[in-house]
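Novice: Below are the structure tokens for one structure; questions will follow.
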Amino acid sequence: MLTRNTADVIVVGAGVIGAACAYYAARSGLRVTVLDRGPVAGGTTGAGEGNLLLSDKEPGPELELALLSNELWRELAEELPPEIEYESKGGLVVASDEAGMCALRDFAARQRKAGVTADEVGADHLHDLEPHLADGLAGGFHYPQDAQVMPALAAAHLLRAGGERVRLRLGEEVTGLLTGSSGEIRGVRTASGEHHAPYVVNAAGTWGGEVARLAGVELPVRPRRGFVLVTEPLPRVVRRKVYAADYVADVASGSAALQSSAVVEGTPAGPVLIGASRERVGFDRTLSVEVLRRLAAQATALFPVLAGVRAMRTYAGFRPYLPDHLPAIGSDPRIPGLLHACGHEGAGIGLAPATGLAVARTLTGGEPPLDMAPFRPERFPPTA
């Protein structure tokens, strides 16, 4: 049982990353306090589609993290309630012409060497997988390991699964970090008082840079805005996550300009989710009619059946972007006791379990689940 305002570790952020860190830390026997200035999943997690993707990741450190998370999500789906809506439905990446297919073949060949299952689908078999796809596409690749969860409920149930070892404090904004005489972490300060622990995990998502600055260190997390369109409930007209080949290039791009590519997927509840856009506009939440019009046009080009469907709502979110497209995970050597788990951009829901497990292993002195060196928080040069 936790004693008042004292824990083994404080996690700042109650999104899916913070929830996974708390869950695996609690499973390791640690007492955890989770603080958030808003509700559970009130930031990027609540604005996400719940993608658990391998299909969009280049071979390298992020894909290794995603492969581990893919296995862990399957385990979690057995433990957590069915309300998290885990679906191992697979993904389908399609190309509009032969040049696009050549690029997909090269990409898939490199992914296979890294352990991803990617099956080529000829143009004449696309409708076997997705009957409502547009005609005239050149083909695609099926990724059976791609999956999906309902992100807000996944975060909530991860926190609940931590049991009595996890104490959740919502509506408490961290305003300062407490340090000892040698600069080591002693806890955090909020408007309601102090919380004490020898470790603090910065899982504040897009606001991870602000939490780092409270400790006097630089972590260049920037917001990358995206919109999602949500249709009225439909019969299952889209069976998988389906997206155009240029989505992969958008994910890898560091451009601040608006980018959009068709990403369409059905949900167990019936609505179809339509994305994906990316642009760096700070924390501006202004509704962009241009973006929504572009998303709708790209989605109906891919699935003409959606042309007569009503959009019920739209929402915006901010992906926590770091310049090299890799998250910051692990201990910050500049401040003893400070760990980071943020900067996952649009992949945080998919990468959450492996991130949480890595953080828990660090906290308990265990063996890292994979090579974490590429994710070290101090890798960025100081800004002038």
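Ordering of the structure tokens sets the chain letters (A, B, ...); residue numbers start at 1 within each chain; ligands are numbered from 1 in the order shown.
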As number ranges by chain, please: every residue in stretch 31-270 of chain A that a backbone DSSP assignment puts in alpha helix (DSSP H).
Specialist: A: 61-79, 98-113, 126-129, 151-161, 208-214, 246-252
Novice: Would you pick out the contacts of A:Leu126 at 10 Å or less, using only C-alpha atoms, so that residues sharing its chain but fewer than 2 positions from it are not included, and give the list as a PyMOL selection string?
Specialist: chain A and resi 92+94+120-124+128-135+137-142
Novice: Applying 7 Å and only C-alpha atoms, which residues near A:Gly15 remain after dropping the ones on its own chain fewer than 2 positions away? List them as a list in words.
Specialist: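 Returned residues: Gly13, Ile17, Gly18, Ala19, Val40, Ala41, Gly42, Gly43, Thr45 and Ala155 of chain A.
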Novice: Could you take the residues named above and write them with all heavy atoms, as a PDB file, in the first residue's frame?
Specialist:
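Result file is part-v4.pdb:
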```pdb
ATOM      1  N   GLY A  13       2.424  12.017 -16.378  1.00  0.00           N
ATOM      2  CA  GLY A  13       1.687  11.773 -17.612  1.00  0.00           C
ATOM      3  C   GLY A  13       0.860  10.505 -17.515  1.00  0.00           C
ATOM      4  O   GLY A  13       1.392   9.428 -17.226  1.00  0.00           O
ATOM      5  N   ILE A  17       1.715   5.908 -22.672  1.00  0.00           N
ATOM      6  CA  ILE A  17       3.121   5.681 -22.322  1.00  0.00           C
ATOM      7  C   ILE A  17       3.295   5.697 -20.802  1.00  0.00           C
ATOM      8  O   ILE A  17       3.905   4.791 -20.216  1.00  0.00           O
ATOM      9  CB  ILE A  17       4.028   6.745 -22.972  1.00  0.00           C
ATOM     10  CG1 ILE A  17       3.971   6.654 -24.500  1.00  0.00           C
ATOM     11  CG2 ILE A  17       5.469   6.577 -22.486  1.00  0.00           C
ATOM     12  CD1 ILE A  17       4.580   5.418 -25.091  1.00  0.00           C
ATOM     13  N   GLY A  18       2.758   6.715 -20.139  1.00  0.00           N
ATOM     14  CA  GLY A  18       2.848   6.764 -18.685  1.00  0.00           C
ATOM     15  C   GLY A  18       2.161   5.583 -18.032  1.00  0.00           C
ATOM     16  O   GLY A  18       2.657   5.027 -17.041  1.00  0.00           O
ATOM     17  N   ALA A  19       1.020   5.177 -18.605  1.00  0.00           N
ATOM     18  CA  ALA A  19       0.293   4.027 -18.054  1.00  0.00           C
ATOM     19  C   ALA A  19       1.106   2.750 -18.181  1.00  0.00           C
ATOM     20  O   ALA A  19       1.137   1.926 -17.264  1.00  0.00           O
ATOM     21  CB  ALA A  19      -1.050   3.883 -18.772  1.00  0.00           C
ATOM     22  N   VAL A  40      -7.056  10.963 -17.543  1.00  0.00           N
ATOM     23  CA  VAL A  40      -6.351   9.865 -18.205  1.00  0.00           C
ATOM     24  C   VAL A  40      -6.541   9.996 -19.714  1.00  0.00           C
ATOM     25  O   VAL A  40      -7.650  10.252 -20.197  1.00  0.00           O
ATOM     26  CB  VAL A  40      -6.894   8.500 -17.726  1.00  0.00           C
ATOM     27  CG1 VAL A  40      -6.322   7.360 -18.556  1.00  0.00           C
ATOM     28  CG2 VAL A  40      -6.577   8.301 -16.250  1.00  0.00           C
ATOM     29  N   ALA A  41      -5.450   9.864 -20.450  1.00  0.00           N
ATOM     30  CA  ALA A  41      -5.472   9.930 -21.924  1.00  0.00           C
ATOM     31  C   ALA A  41      -5.998  11.266 -22.426  1.00  0.00           C
ATOM     32  O   ALA A  41      -6.588  11.343 -23.505  1.00  0.00           O
ATOM     33  CB  ALA A  41      -6.296   8.780 -22.510  1.00  0.00           C
ATOM     34  N   GLY A  42      -5.763  12.333 -21.677  1.00  0.00           N
ATOM     35  CA  GLY A  42      -6.270  13.640 -22.072  1.00  0.00           C
ATOM     36  C   GLY A  42      -5.447  14.359 -23.124  1.00  0.00           C
ATOM     37  O   GLY A  42      -5.872  15.407 -23.621  1.00  0.00           O
ATOM     38  N   GLY A  43      -4.284  13.819 -23.496  1.00  0.00           N
ATOM     39  CA  GLY A  43      -3.444  14.470 -24.493  1.00  0.00           C
ATOM     40  C   GLY A  43      -3.416  13.705 -25.797  1.00  0.00           C
ATOM     41  O   GLY A  43      -4.460  13.392 -26.389  1.00  0.00           O
ATOM     42  N   THR A  45      -2.735  10.597 -26.495  1.00  0.00           N
ATOM     43  CA  THR A  45      -3.366   9.274 -26.484  1.00  0.00           C
ATOM     44  C   THR A  45      -4.841   9.351 -26.840  1.00  0.00           C
ATOM     45  O   THR A  45      -5.340   8.571 -27.658  1.00  0.00           O
ATOM     46  CB  THR A  45      -3.194   8.608 -25.115  1.00  0.00           C
ATOM     47  OG1 THR A  45      -1.803   8.364 -24.872  1.00  0.00           O
ATOM     48  CG2 THR A  45      -3.947   7.288 -25.039  1.00  0.00           C
ATOM     49  N   ALA A 155      -5.129   2.780 -22.009  1.00  0.00           N
ATOM     50  CA  ALA A 155      -4.378   3.489 -20.968  1.00  0.00           C
ATOM     51  C   ALA A 155      -5.047   3.317 -19.609  1.00  0.00           C
ATOM     52  O   ALA A 155      -4.389   3.028 -18.602  1.00  0.00           O
ATOM     53  CB  ALA A 155      -4.264   4.972 -21.324  1.00  0.00           C
TER      54      ALA A 155
END
```
Novice: Any idea what's packed within 12 Å of A:Arg361, counting only C-alpha atoms, ignoring anything in its chain fewer than 4 positions away? Could you give it as a PyMOL selection string?
Specialist: chain A and resi 21-22+24-30+329-331+339+354-357+365-370+372
Novice: Give me, as JSON lines, each residue of stretch 50-158 of chain A that comes within 12 Å of stretch 373-377 of chain A, together with its shortest interatomic pair and the distance in Å at one decimal, counting only C-alpha atoms, with rows ordered by chain and rising residue number.
Specialist:
```
{"residue": "A:Gly60", "atom": "CA", "partner": "A:Pro374", "partner_atom": "CA", "distance": 9.5}
{"residue": "A:Pro61", "atom": "CA", "partner": "A:Pro374", "partner_atom": "CA", "distance": 6.7}
{"residue": "A:Glu62", "atom": "CA", "partner": "A:Pro374", "partner_atom": "CA", "distance": 9.0}
{"residue": "A:Leu63", "atom": "CA", "partner": "A:Pro374", "partner_atom": "CA", "distance": 12.0}
{"residue": "A:Glu64", "atom": "CA", "partner": "A:Pro374", "partner_atom": "CA", "distance": 11.1}
{"residue": "A:Leu65", "atom": "CA", "partner": "A:Phe375", "partner_atom": "CA", "distance": 10.2}
```
Novice: With a distance cut-off of 10 Å and only C-alpha atoms, select the neighbouring residues of stretch 206-213 of chain A, excluding the residue or stretch itself and same-chain residues fewer than 4 positions from it, and output the selection as a VMD selection string.
Specialist: chain A and resid 12 to 13 43 to 44 174 to 177 201 to 202 217 to 224 283 317 to 322 328 332 335 338 to 345
Novice: Write out as a PyMOL selection string which residues come within 10 Å of A:Ile349 when counting only C-alpha atoms, dropping same-chain ones fewer than 2 positions away.
Specialist: chain A and resi 15-17+20+44-45+48-53+69+73+148-152+154-155+344-347+351-353
Novice: Enumerate, as number ranges by chain, the complete set of residues in stretch 121-337 of chain A that a backbone-based DSSP assignment places in strand (DSSP E).
Specialist: A: 121-122, 139-143, 147-148, 166-170, 174-179, 185-190, 193-196, 200-202, 222-231, 241-244, 259-266, 272-278, 311-321, 328-331
Novice: Taking 3 positions as the minimum chain separation for residues in the same chain, which residues sit within 9 Å of A:Gln111 when counting only C-alpha atoms? Answer as an MDAnalysis selection string.
Specialist: chainID A and resid 54:55 57:59 63 106:108 114:118
Novice: Now that the selection is made, can you save its residues with C-alpha atoms as a compact mmCIF listing (two decimals), in the first residue's frame?
Specialist:
```
# COMPACT_ATOMS: atom_id res chain seq x y z
CA LEU A 54 4.91 -2.53 -38.01
CA SER A 55 4.05 -1.76 -41.62
CA LYS A 57 8.53 1.46 -39.90
CA GLU A 58 11.94 1.37 -41.53
CA PRO A 59 14.30 -1.36 -40.32
CA LEU A 63 11.12 -1.24 -35.70
CA ASP A 106 11.95 -2.82 -51.76
CA PHE A 107 10.60 -1.57 -48.41
CA ALA A 108 8.92 -4.90 -47.61
CA ALA A 114 14.15 -7.53 -39.73
CA GLY A 115 11.40 -9.99 -38.79
CA VAL A 116 8.24 -8.43 -40.23
CA THR A 117 5.70 -10.50 -42.16
CA ALA A 118 4.80 -8.72 -45.41
```
Novice: To one decimal in Å, tell me the separation between atom CA of A:Tyr86 and atom CA of A:Leu302.
Specialist: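 Separating atom CA of A:Tyr86 from atom CA of A:Leu302 is a distance of 24.8 Å.
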Novice: Using Å and a single decimal, report how far atom CA of A:Gly275 sits from atom CA of A:Leu229.
Specialist: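 About the pair atom CA of A:Leu229 and atom CA of A:Gly275: they are 6.6 Å apart.
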Novice: Nearest to A:Leu170 among A:Val291, A:Val11, A:Leu80, A:Ala297, with distances taken over only C-alpha atoms: which residue is it?
Specialist: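 Using only C-alpha atoms, A:Leu170 sits closest to A:Val11.
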Novice: Which of these residues is nearest to A:Ala147, using only C-alpha atoms: A:Asp119, A:Asp97, A:Asp36, A:Glu265?
Specialist: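 Using only C-alpha atoms, A:Ala147 sits closest to A:Glu265.
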Novice: For A:Arg240, which of A:Val32, A:Val263, A:Leu287, A:Val228 is the closest residue, counting only C-alpha atoms?
Specialist: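 Ranked by minimum distance to A:Arg240, first place goes to A:Val263.
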Novice: Quick one: pull the distance between atom CA of A:Ala197 and atom CA of A:Ile185, Å, one decimal.
Specialist: 7.6 Å
